[in-house]
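Asks: I'm passing along model.cif; it holds mmCIF, C-alpha atoms.
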data_final
#
loop_
_atom_site.label_atom_id
_atom_site.label_comp_id
_atom_site.auth_asym_id
_atom_site.auth_seq_id
_atom_site.Cartn_x
_atom_site.Cartn_y
_atom_site.Cartn_z
CA MET Q 277 9.55 -2.73 16.44
CA GLN Q 278 10.19 -2.64 20.15
CA GLY Q 279 6.98 -3.13 22.09
CA SER Q 280 5.08 -4.83 19.31
CA ASP Q 281 5.55 -8.03 21.32
CA LEU Q 282 4.64 -10.79 18.84
CA ARG Q 283 4.23 -14.48 19.64
CA ASN Q 284 5.17 -15.53 16.09
CA GLU Q 285 8.49 -14.87 14.42
CA ILE Q 286 9.04 -12.26 11.70
CA GLU Q 287 11.81 -13.16 9.29
CA LEU Q 288 13.44 -11.01 6.62
CA ASP Q 289 13.25 -13.05 3.42
CA LEU Q 290 14.73 -11.49 0.28
CA THR Q 291 13.14 -14.12 -1.95
CA LEU Q 292 9.71 -12.75 -1.18
CA ALA Q 293 8.72 -10.82 -4.29
CA ARG Q 294 4.93 -11.02 -4.47
CA GLY Q 295 3.15 -8.62 -6.81
CA LEU Q 296 6.32 -6.82 -7.68
CA ASN Q 297 4.62 -4.25 -9.87
CA TYR Q 298 1.95 -3.44 -7.39
CA TYR Q 299 3.79 -3.00 -4.11
CA THR Q 300 6.20 -0.18 -3.38
CA GLY Q 301 7.32 -0.77 0.22
CA CYS Q 302 7.06 -3.60 2.73
CA ILE Q 303 5.75 -6.95 1.47
CA PHE Q 304 4.54 -9.71 3.80
CA GLU Q 305 3.58 -13.31 3.53
CA VAL Q 306 2.60 -15.82 6.21
CA LYS Q 307 3.59 -19.49 6.22
CA ALA Q 308 2.13 -22.14 8.53
CA LEU Q 309 4.93 -23.94 10.40
CA ASP Q 310 3.14 -27.28 10.94
CA VAL Q 311 1.41 -27.82 7.58
CA GLN Q 312 2.87 -27.96 4.09
CA ILE Q 313 0.80 -25.39 2.23
CA GLY Q 314 1.47 -22.16 0.32
CA SER Q 315 1.15 -18.71 1.81
CA ILE Q 316 -1.95 -18.34 4.04
CA THR Q 317 -1.91 -14.53 4.33
CA GLY Q 318 -0.19 -11.78 2.39
CA GLY Q 319 -0.04 -8.07 1.86
CA GLY Q 320 2.05 -4.98 1.52
CA ARG Q 321 2.29 -1.26 0.85
CA TYR Q 322 1.29 0.36 -2.40
CA ASP Q 323 1.73 4.06 -3.10
CA ASN Q 324 -0.73 4.76 -5.85
CA LEU Q 325 -3.82 2.63 -5.46
CA THR Q 326 -6.38 5.32 -6.24
CA GLY Q 327 -4.38 7.12 -8.94
CA ILE Q 328 -6.12 5.20 -11.70
CA PHE Q 329 -9.47 6.59 -10.48
CA GLY Q 330 -8.16 10.16 -10.45
CA LEU Q 331 -6.97 10.52 -6.86
CA PRO Q 332 -3.17 10.35 -6.91
CA GLY Q 333 -0.74 10.38 -4.01
CA LEU Q 334 -2.74 8.28 -1.57
CA SER Q 335 -0.54 5.68 0.08
CA GLY Q 336 -2.02 2.49 1.42
CA VAL Q 337 -1.03 -0.72 3.11
CA GLY Q 338 -3.11 -3.85 3.47
CA ILE Q 339 -3.36 -7.55 4.25
CA SER Q 340 -5.53 -10.37 3.05
CA PHE Q 341 -6.20 -13.59 4.97
CA GLY Q 342 -6.59 -16.67 2.77
CA ALA Q 343 -9.74 -18.14 4.33
CA ASP Q 344 -9.79 -21.31 2.19
CA ARG Q 345 -6.23 -22.27 3.07
CA ILE Q 346 -6.70 -21.38 6.74
CA TYR Q 347 -9.76 -23.66 6.63
CA ASP Q 348 -7.57 -26.54 5.38
CA VAL Q 349 -4.85 -25.87 7.96
CA LEU Q 350 -7.36 -25.82 10.85
CA ASN Q 351 -8.82 -29.10 9.56
CA GLN Q 352 -5.44 -30.79 9.25
CA LEU Q 353 -4.33 -29.69 12.72
CA GLU Q 354 -7.82 -30.33 14.18
CA LEU Q 355 -7.88 -26.92 15.78
CA TYR Q 356 -11.57 -26.06 15.49
CA PRO Q 357 -13.09 -25.26 18.88
CA ALA Q 358 -15.82 -27.65 20.04
CA GLU Q 359 -18.53 -25.00 19.72
CA THR Q 360 -18.10 -24.94 15.92
CA GLN Q 361 -19.25 -28.56 15.83
CA THR Q 362 -22.45 -28.48 17.86
CA GLY Q 363 -25.98 -27.81 16.80
CA VAL Q 364 -28.99 -27.60 19.05
CA ASP Q 365 -28.64 -28.16 22.82
CA LEU Q 366 -32.14 -29.27 23.70
CA LEU Q 367 -34.93 -31.05 21.85
CA PHE Q 368 -38.53 -31.30 23.10
CA ILE Q 369 -40.27 -34.51 22.06
CA ASN Q 370 -43.71 -33.92 20.57
CA PHE Q 371 -46.43 -35.99 22.33
CA GLY Q 372 -49.43 -34.28 20.71
CA GLU Q 373 -51.22 -30.98 20.33
CA ALA Q 374 -51.73 -30.04 24.00
CA GLU Q 375 -48.22 -31.12 25.04
CA ALA Q 376 -46.63 -29.38 22.07
CA ALA Q 377 -48.37 -26.09 22.92
CA HIS Q 378 -47.04 -26.40 26.47
CA CYS Q 379 -43.54 -27.33 25.21
CA LEU Q 380 -43.45 -24.29 22.93
CA ARG Q 381 -43.70 -22.08 26.01
CA LEU Q 382 -40.97 -24.03 27.82
CA ALA Q 383 -38.80 -23.89 24.70
CA GLN Q 384 -39.20 -20.09 24.58
CA ALA Q 385 -38.01 -19.87 28.18
CA ALA Q 386 -34.95 -21.99 27.36
CA ARG Q 387 -34.18 -19.91 24.24
CA ARG Q 388 -34.48 -16.65 26.15
CA ALA Q 389 -31.82 -18.05 28.48
CA GLY Q 390 -29.59 -18.60 25.45
CA ILE Q 391 -30.05 -22.35 25.01
CA LYS Q 392 -30.43 -23.53 21.42
CA THR Q 393 -33.74 -25.34 21.51
CA GLU Q 394 -36.03 -27.18 19.12
CA VAL Q 395 -39.52 -28.61 19.50
CA TYR Q 396 -40.04 -31.61 17.22
CA PRO Q 397 -42.73 -30.37 14.83
CA ASP Q 398 -44.69 -33.59 14.29
CA ALA Q 399 -46.30 -35.90 16.84
CA VAL Q 400 -44.75 -38.99 15.25
CA LYS Q 401 -43.56 -42.19 16.93
CA MET Q 402 -41.20 -41.61 19.87
CA LYS Q 403 -38.60 -43.87 18.22
CA LYS Q 404 -38.43 -41.65 15.16
CA GLN Q 405 -38.04 -38.51 17.27
CA MET Q 406 -35.29 -40.08 19.39
CA SER Q 407 -33.49 -41.22 16.29
CA TYR Q 408 -33.59 -37.64 14.98
CA ALA Q 409 -32.01 -36.49 18.26
CA ASN Q 410 -29.30 -39.15 17.95
CA VAL Q 411 -28.36 -38.33 14.37
CA GLN Q 412 -28.32 -34.60 15.16
CA CYS Q 413 -26.16 -35.32 18.25
CA VAL Q 414 -28.56 -33.37 20.48
CA PRO Q 415 -27.11 -33.69 24.00
CA TYR Q 416 -30.38 -33.24 25.93
CA VAL Q 417 -33.90 -34.37 25.16
CA ALA Q 418 -36.93 -33.07 27.08
CA LEU Q 419 -39.87 -35.42 27.50
CA VAL Q 420 -43.03 -33.63 28.61
CA GLY Q 421 -46.09 -35.86 28.55
CA GLU Q 422 -49.42 -35.46 30.28
CA SER Q 423 -48.12 -36.23 33.80
CA GLU Q 424 -45.09 -33.92 33.49
CA MET Q 425 -47.42 -31.18 32.29
CA GLN Q 426 -49.56 -31.58 35.40
CA GLU Q 427 -46.53 -31.63 37.68
CA GLY Q 428 -45.01 -28.60 35.95
CA LEU Q 429 -41.82 -30.58 35.36
CA VAL Q 430 -39.64 -31.74 32.49
CA ALA Q 431 -38.18 -35.24 32.21
CA LEU Q 432 -34.70 -34.40 30.95
CA LYS Q 433 -32.68 -37.14 29.31
CA ASN Q 434 -28.93 -36.86 28.99
CA MET Q 435 -28.32 -38.55 25.64
CA GLN Q 436 -24.71 -39.37 26.40
CA THR Q 437 -25.21 -41.11 29.75
CA GLY Q 438 -28.84 -42.13 29.26
CA GLU Q 439 -29.66 -40.67 32.70
CA GLN Q 440 -33.07 -39.15 33.16
CA SER Q 441 -34.25 -36.70 35.84
CA LYS Q 442 -37.34 -34.62 36.52
CA LEU Q 443 -36.61 -30.91 36.75
CA THR Q 444 -38.39 -27.56 36.48
CA ILE Q 445 -37.61 -25.60 33.31
CA ASP Q 446 -35.44 -23.21 35.36
CA GLU Q 447 -33.46 -26.19 36.66
CA VAL Q 448 -33.12 -27.52 33.10
CA VAL Q 449 -31.69 -24.17 31.98
CA ALA Q 450 -29.31 -23.97 34.93
CA TYR Q 451 -28.22 -27.60 34.42
CA ILE Q 452 -27.48 -27.25 30.68
CA LYS Q 453 -25.70 -23.93 31.20
CA GLY Q 454 -23.64 -25.51 33.96
CA GLU Q 455 -22.58 -28.33 31.64
CA GLN Q 456 -21.52 -26.00 28.81
CA MET Y 171 -36.70 -36.45 -17.58
CA ALA Y 172 -35.81 -34.63 -14.39
CA GLN Y 173 -32.71 -32.51 -14.63
CA LYS Y 174 -29.78 -33.66 -12.53
CA PRO Y 175 -29.08 -30.82 -10.08
CA SER Y 176 -25.61 -29.34 -10.27
CA ILE Y 177 -23.65 -26.13 -9.66
CA PRO Y 178 -21.18 -24.37 -11.99
CA LYS Y 179 -17.66 -25.74 -12.14
CA GLY Y 180 -15.34 -24.16 -9.61
CA THR Y 181 -18.13 -23.19 -7.19
CA ARG Y 182 -19.01 -24.91 -3.94
CA ASP Y 183 -21.94 -25.59 -1.66
CA PHE Y 184 -21.05 -25.16 1.99
CA GLY Y 185 -23.02 -27.45 4.27
CA PHE Y 186 -23.79 -26.56 7.88
CA VAL Y 187 -20.71 -28.30 9.23
CA GLU Y 188 -18.45 -26.34 6.88
CA MET Y 189 -20.34 -23.11 7.50
CA ALA Y 190 -19.87 -23.39 11.26
CA LYS Y 191 -16.12 -23.66 10.64
CA ARG Y 192 -16.05 -20.92 8.03
CA ASN Y 193 -18.01 -18.57 10.26
CA TYR Y 194 -15.53 -19.24 13.04
CA ILE Y 195 -12.71 -18.17 10.68
CA PHE Y 196 -14.51 -15.07 9.43
CA SER Y 197 -15.65 -13.97 12.89
CA THR Y 198 -12.17 -14.41 14.36
CA ILE Y 199 -10.65 -12.25 11.61
CA ARG Y 200 -13.49 -9.73 11.87
CA ASP Y 201 -13.11 -9.44 15.66
CA VAL Y 202 -9.37 -8.78 15.41
CA TYR Y 203 -9.78 -6.23 12.58
CA ALA Y 204 -12.38 -4.40 14.68
CA LEU Y 205 -10.09 -4.53 17.71
CA TYR Y 206 -7.50 -2.54 15.76
CA GLY Y 207 -9.99 0.11 14.64
CA PHE Y 208 -10.83 -1.14 11.16
CA ARG Y 209 -14.40 -0.48 9.97
CA GLN Y 210 -16.33 -2.87 7.77
CA ILE Y 211 -17.61 -1.92 4.34
CA GLU Y 212 -19.31 -3.92 1.59
CA THR Y 213 -19.36 -3.18 -2.13
CA PRO Y 214 -21.71 -4.68 -4.75
CA ALA Y 215 -21.02 -8.08 -6.31
CA MET Y 216 -21.08 -6.33 -9.69
CA GLU Y 217 -19.06 -3.31 -10.73
CA ASN Y 218 -19.09 -1.39 -13.97
CA LEU Y 219 -16.72 -3.16 -16.34
CA SER Y 220 -14.91 0.15 -16.86
CA THR Y 221 -13.94 0.01 -13.16
CA LEU Y 222 -12.49 -3.48 -13.49
CA MET Y 223 -10.95 -3.58 -16.96
CA GLY Y 224 -7.23 -2.86 -17.25
CA LYS Y 225 -6.59 -3.19 -13.52
CA TYR Y 226 -5.35 -6.78 -13.41
CA GLY Y 227 -3.20 -6.93 -16.53
CA GLU Y 228 -4.16 -8.56 -19.80
CA GLU Y 229 -4.53 -12.00 -18.20
CA GLY Y 230 -6.74 -10.60 -15.47
CA ASP Y 231 -9.06 -8.95 -17.99
CA LYS Y 232 -9.69 -12.36 -19.53
CA LEU Y 233 -10.57 -13.80 -16.13
CA LEU Y 234 -13.33 -11.27 -15.40
CA PHE Y 235 -16.86 -12.65 -15.31
CA LYS Y 236 -18.93 -10.34 -17.48
CA ILE Y 237 -22.66 -9.81 -17.10
CA LEU Y 238 -24.81 -9.75 -20.20
CA ASN Y 239 -26.80 -6.52 -20.56
CA SER Y 240 -30.50 -6.87 -19.83
CA GLY Y 241 -33.08 -6.42 -22.57
CA ASP Y 242 -32.35 -6.53 -26.26
CA PHE Y 243 -28.57 -6.47 -26.01
CA LYS Y 244 -28.19 -8.10 -29.41
CA ASN Y 245 -29.75 -5.28 -31.38
CA ALA Y 246 -27.42 -2.77 -29.78
CA VAL Y 247 -24.62 -4.12 -31.96
CA PRO Y 248 -25.14 -4.24 -35.75
CA THR Y 249 -24.74 -7.80 -37.05
CA ALA Y 250 -22.24 -6.51 -39.55
CA ASP Y 251 -19.87 -5.78 -36.64
CA TYR Y 252 -19.90 -9.40 -35.43
CA ASP Y 253 -17.28 -10.69 -37.86
CA GLU Y 254 -14.94 -7.77 -37.67
CA ARG Y 255 -14.63 -7.70 -33.94
CA THR Y 256 -12.85 -9.97 -31.50
CA ALA Y 257 -14.82 -11.77 -28.81
CA ALA Y 258 -13.42 -9.33 -26.25
CA GLN Y 259 -14.58 -6.32 -28.27
CA LEU Y 260 -18.04 -7.77 -28.71
CA ALA Y 261 -18.21 -8.64 -25.01
CA SER Y 262 -17.55 -5.01 -24.14
CA ARG Y 263 -20.55 -3.99 -26.29
CA PHE Y 264 -22.85 -6.66 -24.85
CA CYS Y 265 -21.74 -6.23 -21.23
CA GLU Y 266 -21.50 -3.12 -19.09
CA LYS Y 267 -21.05 -4.88 -15.77
CA GLY Y 268 -18.80 -7.57 -14.34
CA LEU Y 269 -18.39 -9.51 -11.10
CA ARG Y 270 -15.75 -8.22 -8.71
CA TYR Y 271 -12.38 -9.93 -9.20
CA ASP Y 272 -10.83 -8.83 -5.90
CA LEU Y 273 -11.64 -6.44 -3.05
CA THR Y 274 -8.80 -4.00 -3.67
CA VAL Y 275 -9.97 -2.36 -6.89
CA PRO Y 276 -13.58 -1.92 -5.66
CA PHE Y 277 -12.09 -0.43 -2.48
CA ALA Y 278 -10.00 2.03 -4.51
CA ARG Y 279 -13.13 2.95 -6.46
CA TYR Y 280 -15.02 3.36 -3.16
CA VAL Y 281 -12.37 5.63 -1.64
CA VAL Y 282 -12.34 7.93 -4.66
CA GLN Y 283 -16.13 7.97 -5.02
CA HIS Y 284 -16.66 8.75 -1.31
CA ARG Y 285 -13.60 10.90 -0.69
CA GLU Y 286 -15.70 13.85 0.53
CA GLU Y 287 -17.23 11.79 3.35
CA LEU Y 288 -14.14 9.82 4.33
CA GLN Y 289 -11.70 11.02 6.92
CA MET Y 290 -8.08 10.06 6.31
CA PRO Y 291 -6.43 7.87 7.36
CA PHE Y 292 -9.24 5.46 6.54
CA LYS Y 293 -9.03 1.93 7.91
CA ARG Y 294 -11.48 -0.46 6.30
CA TYR Y 295 -12.01 -4.17 6.25
CA GLN Y 296 -14.11 -6.17 3.85
CA ILE Y 297 -15.04 -9.87 3.83
CA GLN Y 298 -16.84 -10.79 0.62
CA PRO Y 299 -16.71 -13.29 -2.22
CA VAL Y 300 -14.85 -12.60 -5.48
CA TRP Y 301 -15.19 -14.35 -8.84
CA ARG Y 302 -12.53 -15.35 -11.35
CA ALA Y 303 -13.08 -17.22 -14.61
CA ASP Y 304 -9.96 -19.30 -13.94
CA ARG Y 305 -9.68 -22.90 -15.05
CA PRO Y 306 -10.81 -24.73 -11.89
CA GLN Y 307 -8.11 -26.89 -10.30
CA LYS Y 308 -7.50 -28.44 -6.92
CA GLY Y 309 -7.57 -25.60 -4.42
CA ARG Y 310 -8.51 -23.03 -7.06
CA TYR Y 311 -12.12 -21.91 -7.26
CA ARG Y 312 -14.14 -19.57 -9.42
CA GLU Y 313 -15.89 -18.16 -6.37
CA PHE Y 314 -14.05 -17.61 -3.12
CA TYR Y 315 -13.94 -15.22 -0.19
CA GLN Y 316 -11.30 -12.62 0.52
CA CYS Y 317 -10.79 -11.06 3.96
CA ASP Y 318 -8.96 -7.80 3.40
CA ALA Y 319 -7.96 -4.93 5.65
CA ASP Y 320 -6.31 -1.77 4.32
CA VAL Y 321 -5.26 1.59 5.70
CA VAL Y 322 -5.20 4.42 3.16
CA GLY Y 323 -4.00 7.96 3.56
CA SER Y 324 -1.14 7.28 5.96
CA ASP Y 325 2.56 6.78 5.20
CA SER Y 326 3.41 5.80 8.74
CA LEU Y 327 5.15 2.47 9.28
CA LEU Y 328 3.09 2.09 12.45
CA ASN Y 329 0.43 0.77 10.09
CA GLU Y 330 2.77 -2.02 8.99
CA VAL Y 331 3.57 -2.77 12.63
CA GLU Y 332 -0.14 -2.99 13.47
CA LEU Y 333 -0.82 -5.28 10.51
CA MET Y 334 1.91 -7.61 11.82
CA GLN Y 335 0.21 -7.53 15.22
CA ILE Y 336 -3.12 -8.38 13.58
CA VAL Y 337 -1.55 -11.36 11.78
CA ASP Y 338 0.04 -12.46 15.05
CA GLU Y 339 -3.23 -12.12 16.99
CA VAL Y 340 -5.39 -13.90 14.40
CA PHE Y 341 -3.09 -16.91 14.12
CA SER Y 342 -2.61 -17.05 17.90
CA ARG Y 343 -6.39 -17.21 18.27
CA PHE Y 344 -6.54 -20.00 15.70
CA GLY Y 345 -3.68 -21.82 17.44
CA ILE Y 346 -1.70 -22.01 14.18
CA ARG Y 347 2.04 -21.47 14.55
CA VAL Y 348 3.30 -19.28 11.71
CA CYS Y 349 6.35 -17.51 10.38
CA ILE Y 350 5.75 -14.02 9.01
CA LYS Y 351 8.07 -13.41 6.07
CA ILE Y 352 8.84 -9.79 5.31
CA ASN Y 353 10.67 -8.06 2.50
CA ASN Y 354 10.68 -4.62 0.95
CA ARG Y 355 10.28 -3.70 -2.67
CA LYS Y 356 12.83 -0.89 -2.15
CA ILE Y 357 15.48 -3.43 -1.10
CA LEU Y 358 14.86 -5.35 -4.32
CA THR Y 359 15.11 -2.14 -6.31
CA GLY Y 360 18.33 -1.33 -4.44
CA ILE Y 361 19.86 -4.72 -5.25
CA ALA Y 362 19.06 -4.25 -8.94
CA GLU Y 363 20.57 -0.76 -8.73
CA ILE Y 364 23.90 -1.75 -7.20
CA ILE Y 365 24.51 -4.56 -9.66
CA GLY Y 366 23.09 -2.59 -12.57
CA ALA Y 367 20.50 -5.16 -13.64
CA ALA Y 368 17.06 -3.68 -13.03
CA ASN Y 369 15.30 -6.18 -15.31
CA LYS Y 370 16.85 -9.21 -13.58
CA ILE Y 371 15.40 -8.74 -10.11
CA VAL Y 372 12.74 -11.47 -10.47
CA ASP Y 373 15.34 -13.98 -11.75
CA ILE Y 374 17.58 -13.09 -8.82
CA THR Y 375 14.88 -13.64 -6.18
CA VAL Y 376 13.86 -16.91 -7.85
CA ALA Y 377 17.48 -18.09 -7.84
CA ILE Y 378 18.06 -17.12 -4.19
CA ASP Y 379 14.90 -19.04 -3.28
CA LYS Y 380 16.50 -22.23 -4.64
CA LEU Y 381 19.57 -21.97 -2.39
CA ASP Y 382 18.40 -24.69 0.03
CA LYS Y 383 17.50 -27.03 -2.80
CA LEU Y 384 20.40 -26.46 -5.23
CA GLY Y 385 23.30 -25.20 -3.15
CA LEU Y 386 25.38 -22.07 -3.70
CA ASP Y 387 27.36 -23.24 -6.75
CA ASN Y 388 24.28 -24.20 -8.73
CA VAL Y 389 22.51 -20.98 -7.83
CA ASN Y 390 25.50 -18.99 -9.07
CA LYS Y 391 25.59 -21.07 -12.23
CA GLU Y 392 21.92 -20.38 -12.84
CA LEU Y 393 22.47 -16.64 -12.43
CA LEU Y 394 25.37 -16.67 -14.91
CA GLU Y 395 23.27 -18.65 -17.37
CA GLY Y 396 20.49 -16.11 -16.80
CA GLY Y 397 22.74 -13.42 -18.25
CA LEU Y 398 24.48 -11.89 -15.23
CA SER Y 399 28.22 -11.23 -15.42
CA GLU Y 400 30.84 -12.77 -13.08
CA ALA Y 401 31.21 -9.38 -11.40
CA GLN Y 402 27.48 -9.03 -10.86
CA VAL Y 403 27.17 -12.53 -9.38
CA GLU Y 404 30.18 -11.75 -7.14
CA LYS Y 405 28.39 -8.66 -5.83
CA LEU Y 406 25.32 -10.74 -5.05
CA GLN Y 407 27.19 -13.25 -2.84
CA PRO Y 408 26.49 -11.58 0.54
CA ILE Y 409 22.81 -11.37 -0.46
CA ILE Y 410 22.52 -14.98 -1.59
CA ASN Y 411 24.30 -16.13 1.56
CA LEU Y 412 22.27 -13.88 3.83
CA GLN Y 413 21.96 -15.60 7.20
CA GLY Y 414 21.53 -14.98 10.91
CA THR Y 415 19.09 -12.94 12.93
CA ASN Y 416 17.10 -10.13 11.36
CA ALA Y 417 19.53 -7.63 12.92
CA GLU Y 418 22.51 -9.43 11.39
CA LYS Y 419 20.81 -9.66 8.01
CA LEU Y 420 19.92 -5.97 8.10
CA ALA Y 421 23.53 -5.06 8.97
CA THR Y 422 24.77 -7.05 5.97
CA MET Y 423 22.18 -5.46 3.70
CA ARG Y 424 23.11 -2.01 4.93
CA ALA Y 425 26.72 -2.65 3.92
CA VAL Y 426 25.82 -4.16 0.55
CA LEU Y 427 23.34 -1.42 -0.29
CA ALA Y 428 25.54 1.44 0.97
CA GLU Y 429 25.54 3.02 -2.50
CA SER Y 430 21.78 2.77 -3.05
CA GLU Y 431 19.62 5.41 -1.41
CA VAL Y 432 16.37 3.60 -2.13
CA GLY Y 433 17.84 0.27 -0.98
CA LEU Y 434 18.89 1.79 2.36
CA LYS Y 435 15.43 3.26 2.79
CA GLY Y 436 14.01 -0.25 2.37
CA VAL Y 437 16.41 -1.54 5.03
CA ASP Y 438 15.34 1.25 7.41
CA GLU Y 439 11.68 0.44 6.84
CA ILE Y 440 12.18 -3.25 7.64
CA ASP Y 441 14.31 -2.30 10.63
CA PHE Y 442 11.39 -0.25 11.96
CA VAL Y 443 8.78 -2.96 11.44
CA VAL Y 444 10.56 -6.07 12.75
#
When written as C-alpha cells, how does the structure in this file appear?
Replies:
Amino acid sequence: MQGSDLRNEIELDLTLARGLNYYTGCIFEVKALDVQIGSITGGGRYDNLTGIFGLPGLSGVGISFGADRIYDVLNQLELYPAETQTGVDLLFINFGEAEAAHCLRLAQAARRAGIKTEVYPDAVKMKKQMSYANVQCVPYVALVGESEMQEGLVALKNMQTGEQSKLTIDEVVAYIKGEQ
Amino acid sequence: MAQKPSIPKGTRDFGFVEMAKRNYIFSTIRDVYALYGFRQIETPAMENLSTLMGKYGEEGDKLLFKILNSGDFKNAVPTADYDERTAAQLASRFCEKGLRYDLTVPFARYVVQHREELQMPFKRYQIQPVWRADRPQKGRYREFYQCDADVVGSDSLLNEVELMQIVDEVFSRFGIRVCIKINNRKILTGIAEIIGAANKIVDITVAIDKLDKLGLDNVNKELLEGGLSEAQVEKLQPIINLQGTNAEKLATMRAVLAESEVGLKGVDEIDFVV
C-alpha cells in the first residue's frame, strides 16, 4: 500500500500455504535474509475464530513472532545491544560495619540517580571482593575506608584502566553517567 | 542418596545472560505492539479442557498437557470402566483442565466471554508461554513463549497493512534484514477453481516450491504423477513460472484467475496490502 513505507521487502509467494484450513485471507511469513532458518514470524486472516465459542461472524487478523528463532538469529548475527550484556555498574567494597553503613547511604544516592549499584554484603578479604567484581565484569568499584569516610569522598576505581580517583558521590554519579 | 536435580524433557532454564537477551526481544516486540495501539492481556496457564479439546485437530488433542483433578480423582471413575475405555477417554474423566497450547484459542475464548465489555475492533497482544506434549527435538520445546497480536472485529485490510508495518518496525529495531512473504488463501482457492482440482491445492503449492531445486520439467512431471491432467498442468504454467515484481506477478495472476471471482478478490487484497 502506498504510504506504508517499509524498509524490508514484501514478496508475493504462491507457495506459502501455512495453516490452510485456518486462514481465509492474507497469509504472511517472515524469512531472515542473512541466516538459514525457518520462518521467524507468521500470521494471517481468519474469518471465524470465535464461531466455535458461539460468536460467529467475527473476522480477525493476527501475527506471531517466533521469539526462540529470533533469539538464535540475533545470536548468530551478534546483534544484541551492549546493554543486554551488562550487570551492575558500581560495586562498593565492604570494609566493615561502620563503613558498610556509610556505603549503604552512598549506594542509595547512586541508585536514585539510576546507577545499578551493589554493596558487597560481607566484610571479607579485599582480594575476594575484587575477584567478585572482576568475574561479574563490574566496570567501577568504590573503595570507602575510614579516611574516605572522614573526607566525604569515594575512591573510585575504573576496572578497565585500573585508574583510581577520589570523588564526591555526586561526581561519581556524573562520571559513570557520562561514560554510559 | 541425594537426588540429581533435573527439569522435565523439553523445558529450559534461562540464566541471567539469556534472560537479558530474551527480555530485550520481548520488550522490543511489546513496545512496537503498543505503538500501534494494541493492548496487552494475559490468560491463565490452565484452561478448561473443554475449551482446548477439538480445536487443534486430532493430533493437537494428543499434544495437550492435561492436569489431573485434585482430590480423590480415582474414585470418580468406577474401576470397571478402566478396561473398557481408551486412555483418552479415561483422561477426560480424570482431568478437567489442561495447559494452554497456543494463545489464539484462549484469546477466542476471552473475546466471547468478555464480549459485553469489549469494544470492537479489539486489538490485543499477549506474550506468554504455551505447552505442547511434543516429542522434544532440536529447536522444539515442550514449553515456549508466543508473542501474538490480533485485531478482531474489523474486515479492513488496513489491519493487514499495519501488521506488515509492525513486522517491518520490529525487525528494523533488531537490525535483522528480512523478506516478508505474502499470499492469500483466496488466490489458492481460485487456482484450484480454475483448474478444477480443489483437493490438489496443497500438492500444487508444494510442487511450485520445488521449482528452484528441481526445474520446470521435473515440477510438471511431479504434478502429472500427482494425478493432474496434461490440460490442468498446462493451465498452471503461468503460475509455476510466476516471476517479476509484485505488480507484474499480480497482473499475471489477474489474467490467469479472470474466471474465478474468489481468486480475483485474493489478488485485489494482496494488491492493497503490498
Asks: Could you list, with a cut-off of 8 Å and counting all atoms listed in the file, the residues of chain Y near chain Q, each shown with its nearest atom pair and the distance in Å rounded to one decimal, rows sorted by chain and ascending number, as CSV?
Replies:
residue,atom,partner,partner_atom,distance
Y:Val187,CA,Q:Gln361,CA,6.8
Y:Ala190,CA,Q:Thr360,CA,5.2
Y:Lys191,CA,Q:Thr360,CA,5.8
Y:Arg192,CA,Q:Tyr347,CA,7.0
Y:Tyr194,CA,Q:Thr360,CA,6.9
Y:Ile195,CA,Q:Ala343,CA,7.0
Y:Phe196,CA,Q:Ala343,CA,7.6
Y:Ala278,CA,Q:Thr326,CA,5.2
Y:Arg279,CA,Q:Phe329,CA,6.5
Y:Val281,CA,Q:Thr326,CA,7.6
Y:Val282,CA,Q:Leu331,CA,6.4
Y:Phe314,CA,Q:Asp344,CA,7.7
Y:Tyr315,CA,Q:Ala343,CA,6.8
Y:Gln316,CA,Q:Gly342,CA,6.6
Y:Cys317,CA,Q:Phe341,CA,5.3
Y:Asp318,CA,Q:Ser340,CA,4.3
Y:Ala319,CA,Q:Gly338,CA,5.4
Y:Asp320,CA,Q:Gly338,CA,3.9
Y:Val321,CA,Q:Gly336,CA,5.4
Y:Val322,CA,Q:Gly336,CA,4.1
Y:Gly323,CA,Q:Leu334,CA,5.3
Y:Ser324,CA,Q:Ser335,CA,6.1
Y:Asp325,CA,Q:Ser335,CA,6.1
Y:Asn329,CA,Q:Val337,CA,7.3
Y:Glu330,CA,Q:Val337,CA,7.1
Y:Val331,CA,Q:Met277,CA,7.1
Y:Leu333,CA,Q:Ile339,CA,7.1
Y:Gln335,CA,Q:Leu282,CA,6.6
Y:Asp338,CA,Q:Asn284,CA,6.1
Y:Ser342,CA,Q:Arg283,CA,7.5
Y:Phe344,CA,Q:Leu355,CA,7.0
Y:Gly345,CA,Q:Leu355,CA,6.8
Y:Ile346,CA,Q:Ala308,CA,6.8
Y:Arg347,CA,Q:Leu309,CA,5.6
Y:Val348,CA,Q:Ala308,CA,4.4
Y:Cys349,CA,Q:Glu285,CA,5.3
Y:Ile350,CA,Q:Val306,CA,4.6
Y:Lys351,CA,Q:Glu287,CA,4.9
Y:Ile352,CA,Q:Phe304,CA,4.6
Y:Asn353,CA,Q:Ile303,CA,5.1
Y:Asn354,CA,Q:Cys302,CA,4.2
Y:Arg355,CA,Q:Gly301,CA,5.1
Y:Lys356,CA,Q:Gly301,CA,6.0
Y:Leu358,CA,Q:Leu290,CA,7.7
Y:Val372,CA,Q:Ala293,CA,7.4
Y:Thr375,CA,Q:Thr291,CA,4.6
Y:Val376,CA,Q:Thr291,CA,6.6
Y:Ile378,CA,Q:Thr291,CA,6.2
Y:Asp379,CA,Q:Thr291,CA,5.4
Y:Asn416,CA,Q:Leu288,CA,6.1
Y:Lys419,CA,Q:Leu288,CA,7.6
Y:Gly436,CA,Q:Gly301,CA,7.0
Y:Glu439,CA,Q:Cys302,CA,7.4
Y:Ile440,CA,Q:Cys302,CA,7.1
Y:Asp441,CA,Q:Met277,CA,7.5
Y:Phe442,CA,Q:Met277,CA,5.4
Y:Val443,CA,Q:Met277,CA,5.1
Y:Val444,CA,Q:Met277,CA,5.1
Asks: Run the PyMOL selection byres ((chain Q and resi 379-392) around 12) on the file and write out the hits as JSON, numbers by chain.
Replies: {"Q": [362, 363, 364, 365, 366, 367, 368, 369, 370, 371, 372, 373, 374, 375, 376, 377, 378, 393, 394, 395, 396, 397, 414, 415, 416, 417, 418, 419, 420, 421, 422, 424, 425, 428, 429, 430, 431, 444, 445, 446, 447, 448, 449, 450, 451, 452, 453, 454, 455, 456]}
Asks: Quick one: which residues end up in the PyMOL selection byres ((chain Y and resi 366) around 12) for this structure, as a list in words?
Replies: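 Going through the file, the PyMOL selection byres ((chain Y and resi 366) around 12) ends up selecting Leu358, Thr359, Gly360, Ile361, Ala362, Glu363, Ile364, Ile365, Ala367, Ala368, Asn369, Lys370, Ile371, Leu398, Ser399, Ala401, Gln402, Val403, Lys405, Leu406, Glu429 and Ser430 of chain Y.
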